[in-house]
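Report on the following structure.
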Amino acid sequence: MVGCGRVGSAVSLQLRAAGWDVSVIDENEDALGRLGDDWTGEFHVGHGMDIQLLRTAGIEDADAVVVTTDGDNSNIVIGQMAQKNFGVRSVIVRILDPARADFFKTRGLDVVCPTQSAIETLTTAVRAVEGALA
Amino acid sequence: MYLLIAGGGKVGSNLARALLRDGHEVTLIEQRPQRFAQLEAELEHQVLRGDATELFVLERAGIKRPPDVVVAVTGDDEDNIVICQLARDRYGVETTIARVNDPRNQPYFDLLGITPTVSATASIMGLIEHEVPEHGLIHLLELRKENLEIVEILVDPDAACAGKSIRDVALPEGSRVISIVRNGKAEAPDGSMQLEPGDSVLAILEPGKEDELRKVLVRQS
C-alpha cells in the first residue's frame with residue numbers, strides 16, 4: 001500500500017483483517033495512527049517514489065500494489081514502476097482527475113477514479129429525482 | 001519552431017526568453033498565481049496559467065497542433081514525467097525534453113522512455129569526475145536512443161593493460177577504442193598502438209559494459 005490516507009488506511013485494515021500480509025508506505029509518520037494501535041502489518045515512513053524504500057517494503061514479492069497517495073502524478077509513475085519494473089501482476093492506482101484516469105487506463109494501468117464514480121452516482125441520483133417529478 | 005514549456009521557474013522562464021529572442025513561438029505554462037502574474041507582466045499572452053498535467057490546460061496551450069518540442073521543467077519529477085508521457089503518447093509530440101530534479105528519480109524517466117533528460121546534479125557530477133580522474137572511468141556522452149555511450153579511461157602506471165597493444169587487450173564485446181589522447185593530442189589508433197601510462201582512452205560501448213571495460217583497462221597488474 002503506497003499512501004496511507006483515508007482510503008489507503010481503510011483498504012489496508014480491511015485486507016489485513018482478511019488475512020493479507022500488508023506493508024504500508026506513507027510520507028507522514030502520523031499516518032500510522034490511522035491504522036490503529038494494534039496494527040500488525042508493516043509500516044514504512046518515506047516517499048512512495050523512493051525505489052529503495054519500495055524494495056525495503058517488499059515490492060519485489062508483492063502480489064498486489066495499491067497506490068493512493070494524494071498526488072495523481074506520483075500515483076501514475078509509482079504504478080508504472082511497480083508494473084513495468086517490478087513486474088507486480090496486480091497494480092491498482094487511484095487517479096482523481098478523470099481525464100488522466102481515462103488516458104492511463106488506455107496505457108494498461110488498472111485505474112480507480114473516485115471523481116468519475118461520484119459524477120456518475122450524483123448524475124444518476126438527480127436523474128432519479130427528475131423521474132419522480134415527471 | 002513552436003515550443004511548449006511547462007514550468008515557469010528560473011529554468012523555464014529563461015528558456016522562454018531565449019527562445020522568443022531567437023524568433024521562436026513559445027507558450028509557457030505556470031501554475032503558481034504569484035509567479036504567473038510576474039511572468040504575465042513580462043510575457044503577456046505567451047504565458048498561460050494552469051497545471052500542465054491537466055489535459056485541458058495542455059490543449060488550451062496548443063498541444064494538439066502539436067508543438068515541435070515540449071519541455072517539462074517543473075520542480076516536480078512526477079509532473080515532468082506525466083507531461084512528457086501525455087505529450088508523446090496522447091498528442092503525438094515528437095520531441096520532449098525533461099528536467100530531473102532529484103537524480104534518484106532518473107530510473108522512472110528511463111523506465112518510461114522519457115529522454116533526453118537534463119539533471120543539474122548529474123551534469124555537475126560529470127564535471128567533477130572529469131576533474132578527478134581517480135574515478136577510473138568517466139562518462140563523456142550518452143546516446144540513449146542508439147544505446148551507446150562514450151567513456152574516457154585513464155591508463156594507470158600499474159594498469160595491467162599498460163605496454164600492451166590495443167589488439168592484445170581483450171576488450172568486452174560491443175566496445176571499441178575510438179581514440180587515445182596522449183600528451184594532449186588525440187590520435188585515431190589502429191590495433192597495433194601500444195597503451196602507455198597516462199593515456200586517456202576514449203571508448204564507445206553499450207551501457208552496462210562499463211564494469212567489464214574497467215576490469216580490462218583499469219585493473220592493476
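Within each chain, counting starts at residue 1; across the C-alpha cells, chains are named A, B, ... in the order shown, with ligands numbered 1 upward in that order.
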Counting only C-alpha atoms, which residues of chain A sit at most 7 Å from some atom of chain B, and what is each one's closest atom pair with its distance in Å to one decimal, listed by chain and rising residue number, as a Markdown table?
```
| residue | atom | partner | partner_atom | distance |
| --- | --- | --- | --- | --- |
| A:Asn73 | CA | B:Glu78 | CA | 5.5 |
| A:Ser74 | CA | B:Glu78 | CA | 5.4 |
| A:Val77 | CA | B:Glu78 | CA | 6.4 |
| A:Met81 | CA | B:Tyr108 | CA | 6.8 |
| A:Ala99 | CA | B:Leu55 | CA | 6.6 |
```
What's around segment 38-45 of chain B at 10 Å? Count only C-alpha atoms, leave out sequence neighbours fewer than 2 positions away in its own chain, and write the answer as a list of chain:residue names.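 Skipping anything fewer than 2 positions along the chain leaves B:Gly8, B:Gly9, B:Ser13, B:Ala16, B:Arg17, B:Leu20, B:Val26, B:Thr27, B:Leu28, B:Ile29, B:Glu30, B:Pro33, B:Gln34, B:Arg35, B:Phe36, B:Val47, B:Leu48, B:Arg49.
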Contacts of Thr121 of chain B at 12 Å or less, counting only C-alpha atoms, minus same-chain residues fewer than 2 places along, as a count of residues only? 17
Which of chain A fall in alpha helix (DSSP H), as a PyMOL selection string: chain A and resi 6-17+51-56+72-80+98-106+114-133
Test item: residues at most 7 Å from Leu213 of chain B, only C-alpha atoms, excluding those fewer than 4 positions along its chain, as a compact mmCIF listing (two decimals) with N, CA and C atoms, in the first residue's frame:
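Resulting contents of out.txt:
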```
# COMPACT_ATOMS: atom_id res chain seq x y z
N LEU B 171 39.11 -6.51 -25.06
CA LEU B 171 38.02 -5.58 -24.78
C LEU B 171 36.70 -6.34 -24.76
N PRO B 172 35.77 -5.94 -23.90
CA PRO B 172 34.47 -6.62 -23.89
C PRO B 172 33.75 -6.47 -25.22
N LYS B 209 28.26 -2.17 -19.86
CA LYS B 209 29.53 -2.89 -20.03
C LYS B 209 30.69 -2.16 -19.35
N LEU B 217 40.86 -2.38 -18.46
CA LEU B 217 41.77 -1.25 -18.64
C LEU B 217 42.28 -0.64 -17.34
```
I need the residue nearest Pro207 of chain B from this list: B:Thr115, B:Gln31, B:Asn147, B:Gln46. Use only C-alpha atoms for the distance. B:Asn147
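All residues of chain A that DSSP, run on the backbone, classes as strand (DSSP E or B) are Val2, Ser23, Val24, Ile25, Asp26, Glu42, Phe43, His44, Val45, Ala64, Val65, Val66, Val67, Ser90, Val91, Ile92, Val93, Arg94, Asp110, Val111 and Val112 of chain A.
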I want to know what sits within 10 Å of Arg89 of chain A, based on only C-alpha atoms, with residues of the same chain fewer than 4 positions away left out; could you give that as number ranges by chain? A: 62-65, 82-84
Might you pull out every residue within 9 Å of Val93 of chain B, with only C-alpha atoms counted and same-chain residues fewer than 2 positions away left off, and present them as a ChimeraX atom specification? /B:63-70,84,86-91,95-96
Grab the residues selected above and save them as an mmCIF file, in the first residue's frame with N, CA and C atoms.
```
data_model
loop_
_atom_site.group_PDB
_atom_site.id
_atom_site.type_symbol
_atom_site.label_atom_id
_atom_site.label_comp_id
_atom_site.auth_asym_id
_atom_site.auth_seq_id
_atom_site.Cartn_x
_atom_site.Cartn_y
_atom_site.Cartn_z
ATOM 1 N N ILE B 63 -1.406 22.057 -27.506
ATOM 2 C CA ILE B 63 -0.655 20.806 -27.671
ATOM 3 C C ILE B 63 -1.185 19.963 -28.827
ATOM 4 N N LYS B 64 -2.412 20.260 -29.289
ATOM 5 C CA LYS B 64 -2.970 19.456 -30.387
ATOM 6 C C LYS B 64 -2.372 19.805 -31.746
ATOM 7 N N ARG B 65 -1.610 20.926 -31.801
ATOM 8 C CA ARG B 65 -1.111 21.334 -33.138
ATOM 9 C C ARG B 65 -0.212 20.302 -33.799
ATOM 10 N N PRO B 66 0.656 19.560 -33.266
ATOM 11 C CA PRO B 66 1.263 19.662 -31.931
ATOM 12 C C PRO B 66 2.536 20.512 -31.974
ATOM 13 N N PRO B 67 3.082 20.891 -30.823
ATOM 14 C CA PRO B 67 4.342 21.645 -30.815
ATOM 15 C C PRO B 67 5.491 20.794 -31.364
ATOM 16 N N ASP B 68 6.535 21.455 -31.845
ATOM 17 C CA ASP B 68 7.726 20.718 -32.290
ATOM 18 C C ASP B 68 8.437 20.095 -31.095
ATOM 19 N N VAL B 69 8.429 20.828 -29.981
ATOM 20 C CA VAL B 69 9.130 20.351 -28.787
ATOM 21 C C VAL B 69 8.290 20.702 -27.557
ATOM 22 N N VAL B 70 8.183 19.754 -26.636
ATOM 23 C CA VAL B 70 7.611 20.050 -25.319
ATOM 24 C C VAL B 70 8.728 19.927 -24.298
ATOM 25 N N CYS B 84 5.441 14.675 -20.206
ATOM 26 C CA CYS B 84 6.102 14.105 -21.387
ATOM 27 C C CYS B 84 5.347 12.887 -21.914
ATOM 28 N N LEU B 86 2.099 12.315 -21.676
ATOM 29 C CA LEU B 86 0.891 12.816 -22.345
ATOM 30 C C LEU B 86 1.256 13.422 -23.698
ATOM 31 N N ALA B 87 2.306 14.261 -23.709
ATOM 32 C CA ALA B 87 2.697 14.942 -24.947
ATOM 33 C C ALA B 87 3.015 13.920 -26.033
ATOM 34 N N ARG B 88 3.814 12.926 -25.666
ATOM 35 C CA ARG B 88 4.291 11.964 -26.649
ATOM 36 C C ARG B 88 3.199 10.962 -27.043
ATOM 37 N N ASP B 89 2.579 10.350 -26.028
ATOM 38 C CA ASP B 89 1.711 9.206 -26.301
ATOM 39 C C ASP B 89 0.272 9.599 -26.606
ATOM 40 N N ARG B 90 -0.158 10.743 -26.120
ATOM 41 C CA ARG B 90 -1.546 11.122 -26.382
ATOM 42 C C ARG B 90 -1.636 12.133 -27.525
ATOM 43 N N TYR B 91 -0.644 13.030 -27.612
ATOM 44 C CA TYR B 91 -0.755 14.115 -28.590
ATOM 45 C C TYR B 91 0.262 14.004 -29.727
ATOM 46 N N THR B 95 9.267 15.411 -29.966
ATOM 47 C CA THR B 95 10.429 15.644 -29.112
ATOM 48 C C THR B 95 9.988 16.186 -27.756
ATOM 49 N N THR B 96 10.394 15.492 -26.709
ATOM 50 C CA THR B 96 10.161 16.004 -25.358
ATOM 51 C C THR B 96 11.499 16.057 -24.637
#
```
Excluding Ser179 of chain B and any residue of its chain fewer than 6 positions from it, enumerate the residues within 6 Å of it, using only C-alpha atoms, and give them as a PyMOL selection string. chain B and resi 187-188+202
